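Notes follow the structure.
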Amino acid sequence: MRLHEYQAKEAFADAGIAVPDAQVATTPAEAVAAADAIGYPVAVKAQVHVGGRGKAGGIELVDDAAAAEAAAERILGMDLKGYTVDAVLVEAGVDFTDELYVGVTMDRTAAQPVVMVSREGGVDIEAVAEHSPDAIATAHIDPAFGLHPYQARRVVYDAGIDRAVAGAVMTIVGQLYELFVDNDATEVEINPVMVTADAEVIAADAVMNIDGDALYRQEALAALADEAAGDALEQQAAAAGFDYVRLEGNVGIIGNGAGLVMTTLDLVEHFGGTPANFLDIGGGARADRVTAALELVFSDDNVDAVVFNIFGGITRGDEVAAGINEAVAQIGELPKPVVVRLAGTNASEGMAILDTDAVEVEATLEGAVQAAIAAAEEAA
Amino acid sequence: MSIFVDADTRVVVQGITGSEGSFHTEQMQAYGTNVVAGAVPGKGGEMVGEIPVFDTVAAAVAETDATASVVFVPPAFAADAIFEALDTPLETVVAITEGVPLHDMARVYKRAGEVDTRLIGPNCPGIITPGETKLGILPGDIFEAGNVGLVSRSGTLTYQVVSNLTDRGIGQTTAVGIGGDPIIGTSFIDTLAAFEADTATHAVVMCGEIGGEDEEEAATYIAGHMDTPVAGFIAGRTAPPGKRMGHAGAIVSGSGAGTAASKIAALNEAGVPVGETPAEVADHIESFL
């Protein structure tokens with residue numbers, strides 16, 4: 001779960017990291033009031049979960065109230081890489097002489113947290129990592145011991161940070177690592193850390209991603225989940241307990257198990273169709289879950305046909321078929337064609353009892369995908 | 001022959017009294033797995049069917065000579081249960097639990113590296129040596145004993161590929177679901193090395209998916225260390241960047257790392273053909289045998 005910038009900055013401030021004066025605004029009038037209170041210049045920053053907001057026109061630096069209002073009017077409600085902007089952060093402009101980068105993430109290959117510090121802040125750090133990896137100093141941290149102070153010192157010296165601010169940056173490294181651990185973060189990042197003429201260091205941006213699997217023990221952060229969520233259908237799916245990702249195509253996909261659902265998407269494309277979504281219905285396929293999954297997929301207007309692919313491992317095919325029949329009865333007439341393929345335990349028993357007036361049945365995964373693509377083409 | 005587990009494996013089930021634990025214990029027993037004990041704090045002295053339950057894994061091992069554990073403990077307590085198993089010690093620990101927090105797994109992984117126990121998972125369907133034993137939730141009846149090894153990050157995708165093999169009369173030595181999380185105990189490389197050393201395994205299927213670099217590293221390993229032919233499958237060719245596709249580990253980063261294209265290219269370069277469909281994977285394996 002990715003926090004909004006303003007949420008992450010609140011956490012950073014609580015941890016003792018300096019952040020600019022700022023207020024959240026959801027209307028242009030609020031934005032002007034916030035800017036007046038903070039004092040000009042201010043930055044008006046879109047609060048959405050995408051990188052590169054500046055380049056995409058989601059950040060504007062303004063010098064007076066009229067400009068602040070115009071900026072807020074333009075940014076609020078705009079579509080930024082598929083996300084609608086509902087709030088802006090109005091933030092004091094910082095006079096800086098240098099921009100640095102500090103981040104902590106989990107290196108999955110090493111299975112250890114890694115701290116990164118670079119003098120090349122304020123730019124896309126992944127691009128820096130690609131063209132000049134030596135510009136980023138790194139330190140892997142033993143998760144059993146945590147960050148040793150010498151590691152914070154070494155990574156800052158290795159990065160060649162100016163001696164006037166080295167101590168302050170070491171402090172930030174320690175504070176960020178603590179935030180990373182205490183909040184079950186998968187990533188915390190300040191890009192840039194702004195350095196002022198009198199050698200102060202300020203977190204001008206803040207990225208914080210929280211491990212969704214740890215939200216049960218991060219109650220305060222879990223409460224932010226709604227505020228931080230994305231696409232409306234994806235929120236609805238999360239509430240129903242499905243893994244759902246919305247895509248652009250017209251063939252809806254429901255299946256069980258992440259790898260098999262991904263494979264079904266890939267097969268749709270392989271056979272010339274375009275997938276509309278990823279939906280993992282998870283273990284079991286009782287009628288209520290089948291109904292919820294079908295309703296969710298049909299609520300995407302792009303969907304012209306659905307492929308429903310269940311490999312019953314421990315789940316029995318006849319139970320799944322009963323669930324599908326019951327769901328179809330509950331929904332009434334299905335708005336779009338649905339092609340079902342059942343495999344695994346008791347699959348043939350399941351196929352035998354499926355209501356073939358309501359759904360089309362195919363014996364193989366490839367066959368089901370091709371039938372759904374054909375049905376979608378006909379319906380489109 | 002087989003890898004990691006066989007008919008001699010003696011299993012303690014951690015979380016045997018839970019709904020998942022008790023159901024799958026029955027399934028494992030029905031398949032022929034030698035389940036000798038359960039371990040659940042506070043339930044020592046109880047019985048689940050014919051199986052004695054102990055308060056601790058240590059007591060279960062002392063009384064029953066268990067050599068492996070299967071963990072069906074809920075996510076909040078799973079890391080602790082795995083630590084308990086790793087510290088006992090056992091030869092093999094299979095963690096089925098999905099949703100173990102990442103920071104917990106970083107500490108577990110560190111501990112697993114300090115002991116001789118093999119940890120498989122978490123977030124995995126388990127491991128099966130057809131005709132001998134299964135530790136986990138894999139549906140036994142789609143497998144058949146034979147000479148092809150299989151290693152996969154995904155559960156149901158494994159079932160799909162296995163049924164493509166079994167339908168053609170191609171059986172398996174051992175199938176290992178290594179799990180879909182970013183941090184897992186046993187890697188592709190660990191499993192491939194074991195298959196390479198197993199004389200009964202004549203070909204290997206490797207099912208990967210988007211995210212991380214494990215498939216690329218496995219490709220390098222195959223090119224340098226394996227004579228046994230390998231065929232691959234990579235799920236997630238169509239996955240958009242930045243979206244987690246179900247598995248916690250299945251995500252293409254914003255910078256484009258972890259894509260299916262990169263993994264397929266690496267495998268092809270290592271001489272590993274990658275099927276576009278599960279049926280094509282079976283074609284490749286058939287051509288090897």
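Labels used: A, B, ... for chains in the order of the structure tokens, numbers from 1 for residues in each chain, and numbers from 1 for ligands as shown.
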
Please report as JSON lines every residue of chain A lying within 6 Å of chain B, along with the nearest atom pair and their distance in Å (one decimal), using only C-alpha atoms.
```
{"residue": "A:Arg108", "atom": "CA", "partner": "B:Pro182", "partner_atom": "CA", "distance": 5.7}
{"residue": "A:Ala111", "atom": "CA", "partner": "B:Ala106", "partner_atom": "CA", "distance": 5.5}
{"residue": "A:Gln112", "atom": "CA", "partner": "B:Ala106", "partner_atom": "CA", "distance": 6.0}
{"residue": "A:Pro143", "atom": "CA", "partner": "B:Arg107", "partner_atom": "CA", "distance": 5.6}
{"residue": "A:Ala144", "atom": "CA", "partner": "B:Arg107", "partner_atom": "CA", "distance": 5.8}
{"residue": "A:Asp213", "atom": "CA", "partner": "B:Pro101", "partner_atom": "CA", "distance": 5.1}
{"residue": "A:Ala214", "atom": "CA", "partner": "B:Pro101", "partner_atom": "CA", "distance": 5.1}
{"residue": "A:Asp243", "atom": "CA", "partner": "B:Gly246", "partner_atom": "CA", "distance": 5.3}
{"residue": "A:Gly257", "atom": "CA", "partner": "B:Thr156", "partner_atom": "CA", "distance": 5.4}
{"residue": "A:Ala258", "atom": "CA", "partner": "B:Gly246", "partner_atom": "CA", "distance": 5.0}
{"residue": "A:Gly259", "atom": "CA", "partner": "B:Ser154", "partner_atom": "CA", "distance": 5.2}
{"residue": "A:Leu260", "atom": "CA", "partner": "B:Leu157", "partner_atom": "CA", "distance": 4.5}
{"residue": "A:Met262", "atom": "CA", "partner": "B:Gly236", "partner_atom": "CA", "distance": 5.1}
{"residue": "A:Thr263", "atom": "CA", "partner": "B:Ala235", "partner_atom": "CA", "distance": 5.1}
{"residue": "A:Asp266", "atom": "CA", "partner": "B:Thr238", "partner_atom": "CA", "distance": 5.6}
{"residue": "A:Gly313", "atom": "CA", "partner": "B:Pro139", "partner_atom": "CA", "distance": 4.9}
{"residue": "A:Ile314", "atom": "CA", "partner": "B:Pro139", "partner_atom": "CA", "distance": 5.7}
```

Export of prior selection with C-alpha atoms as an mmCIF file, in the first residue's frame:
```cif
data_model
loop_
_atom_site.group_PDB
_atom_site.id
_atom_site.type_symbol
_atom_site.label_atom_id
_atom_site.label_comp_id
_atom_site.auth_asym_id
_atom_site.auth_seq_id
_atom_site.Cartn_x
_atom_site.Cartn_y
_atom_site.Cartn_z
ATOM 1 C CA ARG A 108 14.580 -9.350 -2.554
ATOM 2 C CA ALA A 111 16.607 -10.949 1.266
ATOM 3 C CA GLN A 112 17.908 -7.968 3.216
ATOM 4 C CA PRO A 143 17.588 -7.706 9.540
ATOM 5 C CA ALA A 144 18.378 -9.544 12.754
ATOM 6 C CA ASP A 213 0.562 -8.409 4.504
ATOM 7 C CA ALA A 214 1.580 -6.513 7.646
ATOM 8 C CA ASP A 243 -6.806 -9.806 -6.252
ATOM 9 C CA GLY A 257 -4.229 -18.824 -8.426
ATOM 10 C CA ALA A 258 -2.038 -15.905 -9.456
ATOM 11 C CA GLY A 259 0.199 -17.839 -11.846
ATOM 12 C CA LEU A 260 -2.666 -19.510 -13.693
ATOM 13 C CA MET A 262 -1.589 -14.481 -15.364
ATOM 14 C CA THR A 263 -1.162 -17.362 -17.797
ATOM 15 C CA ASP A 266 -1.114 -14.213 -21.604
ATOM 16 C CA GLY A 313 -6.798 -28.692 -6.753
ATOM 17 C CA ILE A 314 -8.294 -29.439 -3.429
#
```

Distance query Thr199 (chain B) at most 12 Å, only C-alpha atoms, self and fewer than 5 positions along chain excluded, as a tab-separated table (two decimals) with C-alpha atoms, in the first residue's frame:
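Output saved as result.tsv:
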```tsv
chain	number	residue	atom	x	y	z
B	1	MET	CA	14.71	-41.39	-6.89
B	2	SER	CA	13.44	-37.97	-5.98
B	3	ILE	CA	14.57	-34.74	-4.34
B	147	ASN	CA	11.31	-38.97	-14.76
B	148	VAL	CA	10.57	-35.24	-15.10
B	149	GLY	CA	11.31	-32.75	-12.32
B	173	THR	CA	10.17	-37.45	-10.05
B	193	ALA	CA	20.88	-28.24	-8.52
B	194	ALA	CA	19.04	-31.03	-6.72
B	227	ASP	CA	23.39	-31.20	-18.40
B	228	THR	CA	19.77	-32.18	-17.73
```

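CA of Glu234 (chain A) is positioned 12.8 Å from CA of Ala276 (chain A).
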
Please report the interatomic distance between CA of Gly38 (chain B) and CA of Glu26 (chain B) in Å with one decimal.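 CA of Glu26 (chain B) lies at a distance of 12.2 Å from CA of Gly38 (chain B).
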
May I have all residues of region 11-198 of chain B that DSSP, computed from the backbone, assigns to strand (DSSP E or B), given as an MDAnalysis selection string? chainID B and resid 11:14 34:39 47:48 51:54 68:71 92:95 118:120 126:129 133:136 145:152 172:177

For CA of Ile38 (chain A) and CA of Ala72 (chain A), quote the distance in Å rounded to one decimal.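 Those two atoms sit 15.4 Å apart.
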
I'd like the neighbourhood of Val36 (chain B) as number ranges by chain, where a residue qualifies if any of its atoms comes within 9 Å (using only C-alpha atoms), though same-chain residues fewer than 5 positions away should be ignored. B: 10-13, 50-52, 60, 64-66

Please save C-alpha atoms of the selected residues as a PDB file, in the first residue's frame.
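File again.pdb, as written:
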```
ATOM      1  CA  ARG B  10       8.263 -38.415   8.677  1.00  0.00           C
ATOM      2  CA  VAL B  11       6.029 -35.364   8.938  1.00  0.00           C
ATOM      3  CA  VAL B  12       4.943 -33.162  11.824  1.00  0.00           C
ATOM      4  CA  VAL B  13       2.098 -30.772  10.932  1.00  0.00           C
ATOM      5  CA  GLU B  50      -4.607 -41.397  15.031  1.00  0.00           C
ATOM      6  CA  ILE B  51      -2.035 -38.592  15.163  1.00  0.00           C
ATOM      7  CA  PRO B  52      -0.670 -37.390  18.521  1.00  0.00           C
ATOM      8  CA  ALA B  60       7.019 -33.934  18.571  1.00  0.00           C
ATOM      9  CA  THR B  64       8.120 -39.429  16.942  1.00  0.00           C
ATOM     10  CA  ASP B  65      11.437 -38.866  15.105  1.00  0.00           C
ATOM     11  CA  ALA B  66       9.748 -36.521  12.653  1.00  0.00           C
TER      12      ALA B  66
END
```

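Distances from A:Gly350, A:Gly212, A:Pro192, A:Pro28 to Asp318 (chain A) were compared using only C-alpha atoms, and the smallest one belongs to A:Gly350.
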
Would you list the contacts of Ala43 (chain A) as a short mmCIF file (atom, residue, chain, number, x, y, z; two decimals) with N, CA and C atoms, in the first residue's frame, taking every protein, DNA or RNA residue within 7 Å and counting only C-alpha atoms, but skipping same-chain residues closer than 3 positions in sequence?
```cif
data_model
loop_
_atom_site.label_atom_id
_atom_site.label_comp_id
_atom_site.auth_asym_id
_atom_site.auth_seq_id
_atom_site.Cartn_x
_atom_site.Cartn_y
_atom_site.Cartn_z
N ILE A 59 2.74 19.25 -10.56
CA ILE A 59 3.37 20.10 -9.55
C ILE A 59 3.61 21.48 -10.15
N GLU A 60 3.22 22.53 -9.41
CA GLU A 60 3.46 23.88 -9.91
C GLU A 60 3.95 24.77 -8.77
N LEU A 61 4.98 25.56 -9.05
CA LEU A 61 5.51 26.50 -8.07
C LEU A 61 4.88 27.87 -8.35
N VAL A 62 4.28 28.49 -7.33
CA VAL A 62 3.56 29.76 -7.55
C VAL A 62 4.01 30.82 -6.55
N VAL A 90 -0.22 21.84 -0.47
CA VAL A 90 0.33 23.19 -0.65
C VAL A 90 1.50 23.31 0.31
N GLU A 91 2.69 23.55 -0.24
CA GLU A 91 3.90 23.37 0.56
C GLU A 91 4.84 24.55 0.36
N ALA A 92 5.47 24.99 1.46
CA ALA A 92 6.41 26.11 1.38
C ALA A 92 7.54 25.79 0.41
N GLY A 93 7.87 26.75 -0.44
CA GLY A 93 9.01 26.58 -1.34
C GLY A 93 10.29 26.60 -0.51
#
```

Please determine, counting only C-alpha atoms, which residue among B:Asn123, B:Thr67, B:Gln14, B:Thr201 has the shortest atom-to-atom distance to Ile82 (chain B). B:Gln14

Give me the residues near Val207 (chain A) as a ChimeraX atom specification, where near means some atom within 7 Å (using only C-alpha atoms) and where sequence neighbours in that chain fewer than 2 positions away do not count. /A:5,8,188-190,205,209

Taking the DSSP secondary structure from the backbone, can you list the residues of region 186-326 of chain A that are helix (DSSP H, G or I), as a VMD selection string? chain A and resid 212 to 217 219 to 222 225 to 228 232 to 240 258 to 270 287 to 298 317 to 326
